[in-house]
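Student: First, the structure itself, so that you have it in front of you.
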Amino acid sequence: MTKKVLAVLIMATTSSLATDGSFSNHALTTKAGTLGVGIGYSTNITKNFDLRIGANSFSYAMDSTMQDIDYSLDTRLSTVSAILDYHLFSSAFTLSGGFVYNNNGADFTGEAKGGKFIIDGNEYEIGDIGSLNGKIGFDPISPYIGIGYSTVTKFKGLHFTAEMGVLYQNTAITSLDVQCEDGLPPAECAKLKNDVLSEKESLDEDIEDYKWYPVVSLGLAYTF
């Protein structure tokens, strides 16, 4: 469904170009914000509508505790966007909407605490577990709405930009997998895997409210 909507948006943009004339101003942009560091391209397709495409990326490592388990997380911000901006009353203030390819997420590895794991309330020795790994991701296509300030298609030269909005990521897609050590009895291994499954369900409940991701950015642009 989202692919069809995106195709309609592209067709509508192409139609606007055919009836309203060619692009007149072009801008290269750079920005930083809650989606990471980004670069982009903007152009006006009518007097009050701009089209911009961009990519953002950032990654960092951190430690976190979730459901009594210590995890080492490798977190990534990675998005590609196609956004339409409407200039209110032909001003620099904009209303924006579009779609974002969303590859935000994290990979995480469980770490023993004091030589032990506490999983779903049960204690396991570090020698019982070969590995405990998980992933967090989101739907690949996320709609975006926002407001902003931009003069990049109004005149040539250097510009300041600002943006604030929300990205709807839907419910996070998670996985949590455990590998038993060879010496762990089959019955204990089955119990460990059931505990990890319960742990994943608790994790899903903890992050189910993170459907909306705040987007704030400041940037510079050069129009030529």
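Chain labels A, B, ... are given in the sequence in which chains occur in the structure tokens; within each chain residues are numbered consecutively from 1, and ligands are likewise numbered from 1 in the order shown.
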Could you name the residues that touch range 62-76 of chain A at 8 Å or less, counting only C-alpha atoms, but leaving out those on the same chain fewer than 6 positions away, as a list in words?
Tutor: Asn103, Asn104, Gly105, Ala106, Asp107, Phe108, Thr109, Gly110, Glu111, Ala112, Lys113, Phe117, Ile118, Ile119, Asp120, Glu199, Ser202 and Leu203 of chain A
Student: What are the closest atom pairs, with distances in Å to one decimal, for all residues of range 80-189 of chain A lying within 12 Å of range 28-47 of chain A? Consider only C-alpha atoms, order rows by chain and residue number, and present the result as CSV.
Tutor:
```
residue,atom,partner,partner_atom,distance
A:Val80,CA,A:Gly38,CA,9.3
A:Ser81,CA,A:Gly40,CA,9.1
A:Ala82,CA,A:Gly40,CA,9.9
A:Ile83,CA,A:Ser42,CA,9.4
A:Leu84,CA,A:Ile45,CA,9.5
A:Asp85,CA,A:Asn44,CA,9.1
A:Tyr86,CA,A:Lys47,CA,9.3
A:His87,CA,A:Lys47,CA,8.5
A:Leu88,CA,A:Lys47,CA,10.9
A:Phe89,CA,A:Lys47,CA,10.3
A:Ser90,CA,A:Lys47,CA,7.4
A:Ser91,CA,A:Lys47,CA,10.5
A:Ala92,CA,A:Lys47,CA,12.0
A:Val100,CA,A:Leu35,CA,11.2
A:Asn102,CA,A:Leu35,CA,10.2
A:Asn103,CA,A:Leu35,CA,10.8
A:Asn104,CA,A:Leu35,CA,8.8
A:Gly105,CA,A:Leu35,CA,11.6
A:Ser150,CA,A:Ser42,CA,10.4
A:Thr151,CA,A:Ser42,CA,10.6
A:Val152,CA,A:Ser42,CA,7.5
A:Thr153,CA,A:Asn44,CA,5.9
A:Lys154,CA,A:Asn44,CA,8.6
A:Phe155,CA,A:Asn44,CA,11.0
A:Lys156,CA,A:Leu28,CA,11.2
A:Gly157,CA,A:Leu28,CA,10.5
A:Leu158,CA,A:Thr29,CA,9.8
A:His159,CA,A:Thr29,CA,9.0
A:Phe160,CA,A:Thr29,CA,9.5
A:Thr161,CA,A:Lys31,CA,8.2
A:Ala162,CA,A:Lys31,CA,8.8
A:Glu163,CA,A:Gly33,CA,9.1
A:Met164,CA,A:Gly33,CA,9.7
A:Gly165,CA,A:Thr34,CA,10.5
A:Val166,CA,A:Thr34,CA,10.5
A:Leu167,CA,A:Leu35,CA,10.0
```
Student: Filtering to N, CA and C atoms, could you give me those residues as a short mmCIF file (atom, residue, chain, number, x, y, z; two decimals), in the first residue's frame?
Tutor:
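Contents of again_12.cif, freshly written:
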```cif
data_model
loop_
_atom_site.label_atom_id
_atom_site.label_comp_id
_atom_site.auth_asym_id
_atom_site.auth_seq_id
_atom_site.Cartn_x
_atom_site.Cartn_y
_atom_site.Cartn_z
N VAL A 80 16.54 7.50 4.43
CA VAL A 80 16.50 8.21 3.14
C VAL A 80 15.09 8.75 2.99
N SER A 81 14.97 10.03 2.64
CA SER A 81 13.64 10.67 2.66
C SER A 81 13.30 11.33 1.33
N ALA A 82 11.99 11.40 1.08
CA ALA A 82 11.43 12.18 -0.04
C ALA A 82 10.28 12.99 0.55
N ILE A 83 10.45 14.32 0.60
CA ILE A 83 9.53 15.19 1.34
C ILE A 83 9.05 16.33 0.44
N LEU A 84 7.76 16.67 0.56
CA LEU A 84 7.19 17.86 -0.07
C LEU A 84 7.00 18.93 1.00
N ASP A 85 7.46 20.14 0.70
CA ASP A 85 7.28 21.29 1.60
C ASP A 85 6.31 22.28 0.98
N TYR A 86 5.33 22.72 1.76
CA TYR A 86 4.41 23.76 1.31
C TYR A 86 4.71 25.04 2.08
N HIS A 87 5.02 26.12 1.36
CA HIS A 87 5.33 27.40 1.98
C HIS A 87 4.03 28.15 2.28
N LEU A 88 3.76 28.34 3.57
CA LEU A 88 2.54 29.01 3.99
C LEU A 88 2.54 30.46 3.53
N PHE A 89 1.54 30.84 2.74
CA PHE A 89 1.40 32.21 2.24
C PHE A 89 2.68 32.68 1.55
N SER A 90 3.34 31.75 0.86
CA SER A 90 4.58 32.03 0.12
C SER A 90 5.71 32.51 1.04
N SER A 91 5.63 32.18 2.33
CA SER A 91 6.64 32.61 3.29
C SER A 91 7.73 31.54 3.43
N ALA A 92 8.64 31.77 4.39
CA ALA A 92 9.69 30.80 4.66
C ALA A 92 9.23 29.66 5.56
N VAL A 100 9.74 8.13 4.37
CA VAL A 100 11.13 7.92 4.74
C VAL A 100 11.43 6.42 4.70
N ASN A 102 13.27 3.79 6.35
CA ASN A 102 13.71 3.79 7.75
C ASN A 102 14.51 2.53 8.05
N ASN A 103 15.81 2.73 8.21
CA ASN A 103 16.68 1.61 8.60
C ASN A 103 17.24 1.82 10.01
N ASN A 104 16.54 2.63 10.81
CA ASN A 104 16.96 2.83 12.20
C ASN A 104 16.84 1.52 12.97
N GLY A 105 17.69 1.34 13.94
CA GLY A 105 17.58 0.13 14.75
C GLY A 105 18.81 -0.08 15.61
N SER A 150 12.51 27.52 5.90
CA SER A 150 13.46 27.34 4.80
C SER A 150 13.24 28.41 3.74
N THR A 151 14.34 29.01 3.30
CA THR A 151 14.31 29.96 2.18
C THR A 151 15.15 29.47 1.01
N VAL A 152 15.48 28.18 1.02
CA VAL A 152 16.48 27.68 0.07
C VAL A 152 16.06 27.81 -1.39
N THR A 153 14.74 27.81 -1.68
CA THR A 153 14.32 27.94 -3.07
C THR A 153 13.86 29.36 -3.39
N LYS A 154 14.01 30.28 -2.45
CA LYS A 154 13.55 31.65 -2.66
C LYS A 154 14.60 32.51 -3.35
N PHE A 155 15.86 32.30 -3.00
CA PHE A 155 16.93 33.09 -3.63
C PHE A 155 18.24 32.31 -3.54
N LYS A 156 19.19 32.69 -4.35
CA LYS A 156 20.47 31.97 -4.39
C LYS A 156 21.37 32.42 -3.25
N GLY A 157 22.32 31.55 -2.89
CA GLY A 157 23.25 31.87 -1.83
C GLY A 157 23.13 30.94 -0.64
N LEU A 158 23.64 31.37 0.51
CA LEU A 158 23.69 30.57 1.72
C LEU A 158 22.41 30.75 2.55
N HIS A 159 21.91 29.65 3.13
CA HIS A 159 20.65 29.68 3.88
C HIS A 159 20.78 28.89 5.17
N PHE A 160 19.95 29.27 6.13
CA PHE A 160 19.77 28.53 7.38
C PHE A 160 18.44 27.79 7.31
N THR A 161 18.40 26.55 7.77
CA THR A 161 17.16 25.77 7.77
C THR A 161 16.89 25.20 9.16
N ALA A 162 15.62 25.00 9.46
CA ALA A 162 15.21 24.38 10.72
C ALA A 162 13.98 23.52 10.46
N GLU A 163 13.86 22.46 11.22
CA GLU A 163 12.75 21.52 10.99
C GLU A 163 12.38 20.83 12.29
N MET A 164 11.08 20.57 12.44
CA MET A 164 10.58 19.83 13.59
C MET A 164 9.38 19.01 13.14
N GLY A 165 9.38 17.73 13.47
CA GLY A 165 8.28 16.88 13.04
C GLY A 165 8.30 15.53 13.73
N VAL A 166 7.53 14.59 13.20
CA VAL A 166 7.47 13.24 13.75
C VAL A 166 7.49 12.21 12.64
N LEU A 167 8.16 11.12 12.92
CA LEU A 167 8.23 9.98 12.01
C LEU A 167 7.44 8.83 12.65
#
```
Student: Pick the closest to Ser198 in chain A from A:Asn122, A:Gln169, A:Asn56, A:Thr94: which is it, counting only C-alpha atoms?
Tutor: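 The closest residue to Ser198 in chain A is A:Asn122.
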Student: I'd like to know which residues of range 2-170 of chain A are strand (DSSP E or B) (by DSSP, run on the backbone); could you write them as a ChimeraX atom specification?
Tutor: /A:26-33,36-44,49-66,69-87,93-102,105-111,113,116-119,122-125,129-137,141-149,157-168
Student: Can you write just those residues out, C-alpha atoms, as an mmCIF file, in the first residue's frame?
Tutor:
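File out_15.cif, as written:
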```cif
data_model
loop_
_atom_site.group_PDB
_atom_site.id
_atom_site.type_symbol
_atom_site.label_atom_id
_atom_site.label_comp_id
_atom_site.auth_asym_id
_atom_site.auth_seq_id
_atom_site.Cartn_x
_atom_site.Cartn_y
_atom_site.Cartn_z
ATOM 1 C CA HIS A 26 18.532 24.008 -6.808
ATOM 2 C CA ALA A 27 20.049 23.683 -3.346
ATOM 3 C CA LEU A 28 22.497 21.349 -1.659
ATOM 4 C CA THR A 29 21.895 20.970 2.059
ATOM 5 C CA THR A 30 23.618 19.634 5.136
ATOM 6 C CA LYS A 31 22.058 19.255 8.565
ATOM 7 C CA ALA A 32 22.314 17.595 11.953
ATOM 8 C CA GLY A 33 19.609 16.470 14.337
ATOM 9 C CA GLY A 36 21.861 11.979 12.626
ATOM 10 C CA VAL A 37 23.999 13.921 10.162
ATOM 11 C CA GLY A 38 22.498 14.415 6.732
ATOM 12 C CA ILE A 39 22.953 15.707 3.206
ATOM 13 C CA GLY A 40 20.258 16.524 0.680
ATOM 14 C CA TYR A 41 18.989 18.246 -2.417
ATOM 15 C CA SER A 42 16.047 20.670 -2.677
ATOM 16 C CA THR A 43 14.258 22.336 -5.557
ATOM 17 C CA ASN A 44 10.996 24.201 -6.163
ATOM 18 C CA PHE A 49 5.867 23.706 -3.212
ATOM 19 C CA ASP A 50 9.391 22.366 -2.816
ATOM 20 C CA LEU A 51 10.649 18.835 -3.269
ATOM 21 C CA ARG A 52 13.591 17.606 -1.240
ATOM 22 C CA ILE A 53 15.380 14.316 -0.975
ATOM 23 C CA GLY A 54 17.993 13.469 1.608
ATOM 24 C CA ALA A 55 19.895 10.875 3.559
ATOM 25 C CA ASN A 56 20.835 10.795 7.235
ATOM 26 C CA SER A 57 23.185 8.530 9.131
ATOM 27 C CA PHE A 58 24.802 8.128 12.534
ATOM 28 C CA SER A 59 25.881 5.233 14.735
ATOM 29 C CA TYR A 60 27.036 4.838 18.302
ATOM 30 C CA ALA A 61 27.677 2.174 20.919
ATOM 31 C CA MET A 62 26.200 2.153 24.401
ATOM 32 C CA ASP A 63 25.405 -0.109 27.353
ATOM 33 C CA SER A 64 21.864 -0.570 28.605
ATOM 34 C CA THR A 65 19.903 -2.740 31.015
ATOM 35 C CA MET A 66 16.631 -4.211 29.815
ATOM 36 C CA ILE A 69 19.904 -8.129 31.565
ATOM 37 C CA ASP A 70 22.910 -5.962 30.708
ATOM 38 C CA TYR A 71 23.292 -5.428 26.974
ATOM 39 C CA SER A 72 25.967 -3.942 24.776
ATOM 40 C CA LEU A 73 24.138 -2.071 21.978
ATOM 41 C CA ASP A 74 25.306 -0.971 18.546
ATOM 42 C CA THR A 75 22.708 1.636 17.594
ATOM 43 C CA ARG A 76 22.270 3.024 14.086
ATOM 44 C CA LEU A 77 20.357 5.912 12.552
ATOM 45 C CA SER A 78 19.968 5.440 8.804
ATOM 46 C CA THR A 79 17.214 7.028 6.696
ATOM 47 C CA VAL A 80 16.503 8.207 3.145
ATOM 48 C CA SER A 81 13.643 10.667 2.657
ATOM 49 C CA ALA A 82 11.432 12.177 -0.038
ATOM 50 C CA ILE A 83 9.534 15.194 1.336
ATOM 51 C CA LEU A 84 7.195 17.856 -0.068
ATOM 52 C CA ASP A 85 7.284 21.286 1.604
ATOM 53 C CA TYR A 86 4.405 23.759 1.314
ATOM 54 C CA HIS A 87 5.330 27.399 1.976
ATOM 55 C CA PHE A 93 7.539 28.753 7.057
ATOM 56 C CA THR A 94 6.619 25.313 5.766
ATOM 57 C CA LEU A 95 4.267 22.410 6.304
ATOM 58 C CA SER A 96 5.900 19.163 5.261
ATOM 59 C CA GLY A 97 4.882 15.612 4.481
ATOM 60 C CA GLY A 98 6.434 12.600 2.822
ATOM 61 C CA PHE A 99 7.912 9.159 3.219
ATOM 62 C CA VAL A 100 11.133 7.916 4.745
ATOM 63 C CA TYR A 101 13.030 4.704 4.124
ATOM 64 C CA ASN A 102 13.706 3.791 7.745
ATOM 65 C CA GLY A 105 17.585 0.130 14.749
ATOM 66 C CA ALA A 106 20.032 -1.608 17.038
ATOM 67 C CA ASP A 107 21.913 -4.874 17.445
ATOM 68 C CA PHE A 108 22.561 -5.938 21.011
ATOM 69 C CA THR A 109 24.457 -8.639 22.903
ATOM 70 C CA GLY A 110 23.697 -9.846 26.415
ATOM 71 C CA GLU A 111 26.474 -9.496 28.983
ATOM 72 C CA LYS A 113 26.591 -9.751 35.454
ATOM 73 C CA LYS A 116 25.551 -14.938 35.809
ATOM 74 C CA PHE A 117 22.520 -14.119 33.672
ATOM 75 C CA ILE A 118 19.104 -13.380 35.180
ATOM 76 C CA ILE A 119 16.551 -14.237 32.476
ATOM 77 C CA ASN A 122 15.765 -17.374 36.585
ATOM 78 C CA GLU A 123 19.513 -17.532 37.134
ATOM 79 C CA TYR A 124 21.927 -19.073 34.624
ATOM 80 C CA GLU A 125 25.694 -19.466 34.816
ATOM 81 C CA ILE A 129 24.959 -19.704 27.484
ATOM 82 C CA GLY A 130 26.965 -19.581 24.286
ATOM 83 C CA SER A 131 25.459 -16.293 23.087
ATOM 84 C CA LEU A 132 22.475 -14.017 23.705
ATOM 85 C CA ASN A 133 21.841 -11.652 20.799
ATOM 86 C CA GLY A 134 18.969 -9.462 19.685
ATOM 87 C CA LYS A 135 17.861 -6.901 17.115
ATOM 88 C CA ILE A 136 15.452 -3.972 17.030
ATOM 89 C CA GLY A 137 14.151 -2.611 13.737
ATOM 90 C CA ILE A 141 8.660 2.801 4.930
ATOM 91 C CA SER A 142 7.600 5.418 7.495
ATOM 92 C CA PRO A 143 5.358 8.469 6.866
ATOM 93 C CA TYR A 144 6.589 11.852 8.058
ATOM 94 C CA ILE A 145 4.851 15.147 8.902
ATOM 95 C CA GLY A 146 6.440 18.324 10.172
ATOM 96 C CA ILE A 147 6.886 22.078 10.147
ATOM 97 C CA GLY A 148 9.965 24.074 9.292
ATOM 98 C CA TYR A 149 11.719 27.209 8.176
ATOM 99 C CA GLY A 157 23.245 31.870 -1.828
ATOM 100 C CA LEU A 158 23.688 30.567 1.722
ATOM 101 C CA HIS A 159 20.650 29.682 3.877
ATOM 102 C CA PHE A 160 19.772 28.531 7.379
ATOM 103 C CA THR A 161 17.159 25.772 7.775
ATOM 104 C CA ALA A 162 15.214 24.384 10.722
ATOM 105 C CA GLU A 163 12.755 21.516 10.987
ATOM 106 C CA MET A 164 10.583 19.827 13.591
ATOM 107 C CA GLY A 165 8.278 16.877 13.040
ATOM 108 C CA VAL A 166 7.475 13.241 13.754
ATOM 109 C CA LEU A 167 8.234 9.979 12.012
ATOM 110 C CA TYR A 168 5.668 7.205 12.436
#
```
Student: Measure the distance from CA of Leu197 in chain A to CA of Ser175 in chain A in Å and round it to one decimal.
Tutor: 9.3 Å
Student: So how far away is CA of Glu188 in chain A from CA of Thr174 in chain A, in Å?
Tutor: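 That distance, rounded to one decimal, is 24.3 Å.
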Student: Can you measure CA of Leu176 in chain A to CA of Leu192 in chain A for me? One decimal in Å is fine.
Tutor: 12.2 Å
Student: If DSSP is run on the backbone, what residues of range 3-223 of chain A are alpha helix (DSSP H)? A reply as an MDAnalysis selection string would be ideal.
Tutor: chainID A and resid 3:20 186:207
Student: Looking at A:Asp139, A:Asp206, A:Asp177, A:Asp128, which one is nearest to Lys193 in chain A, with distances taken over only C-alpha atoms?
Tutor: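 Once distances to Lys193 in chain A are computed over only C-alpha atoms, the minimum belongs to A:Asp177.
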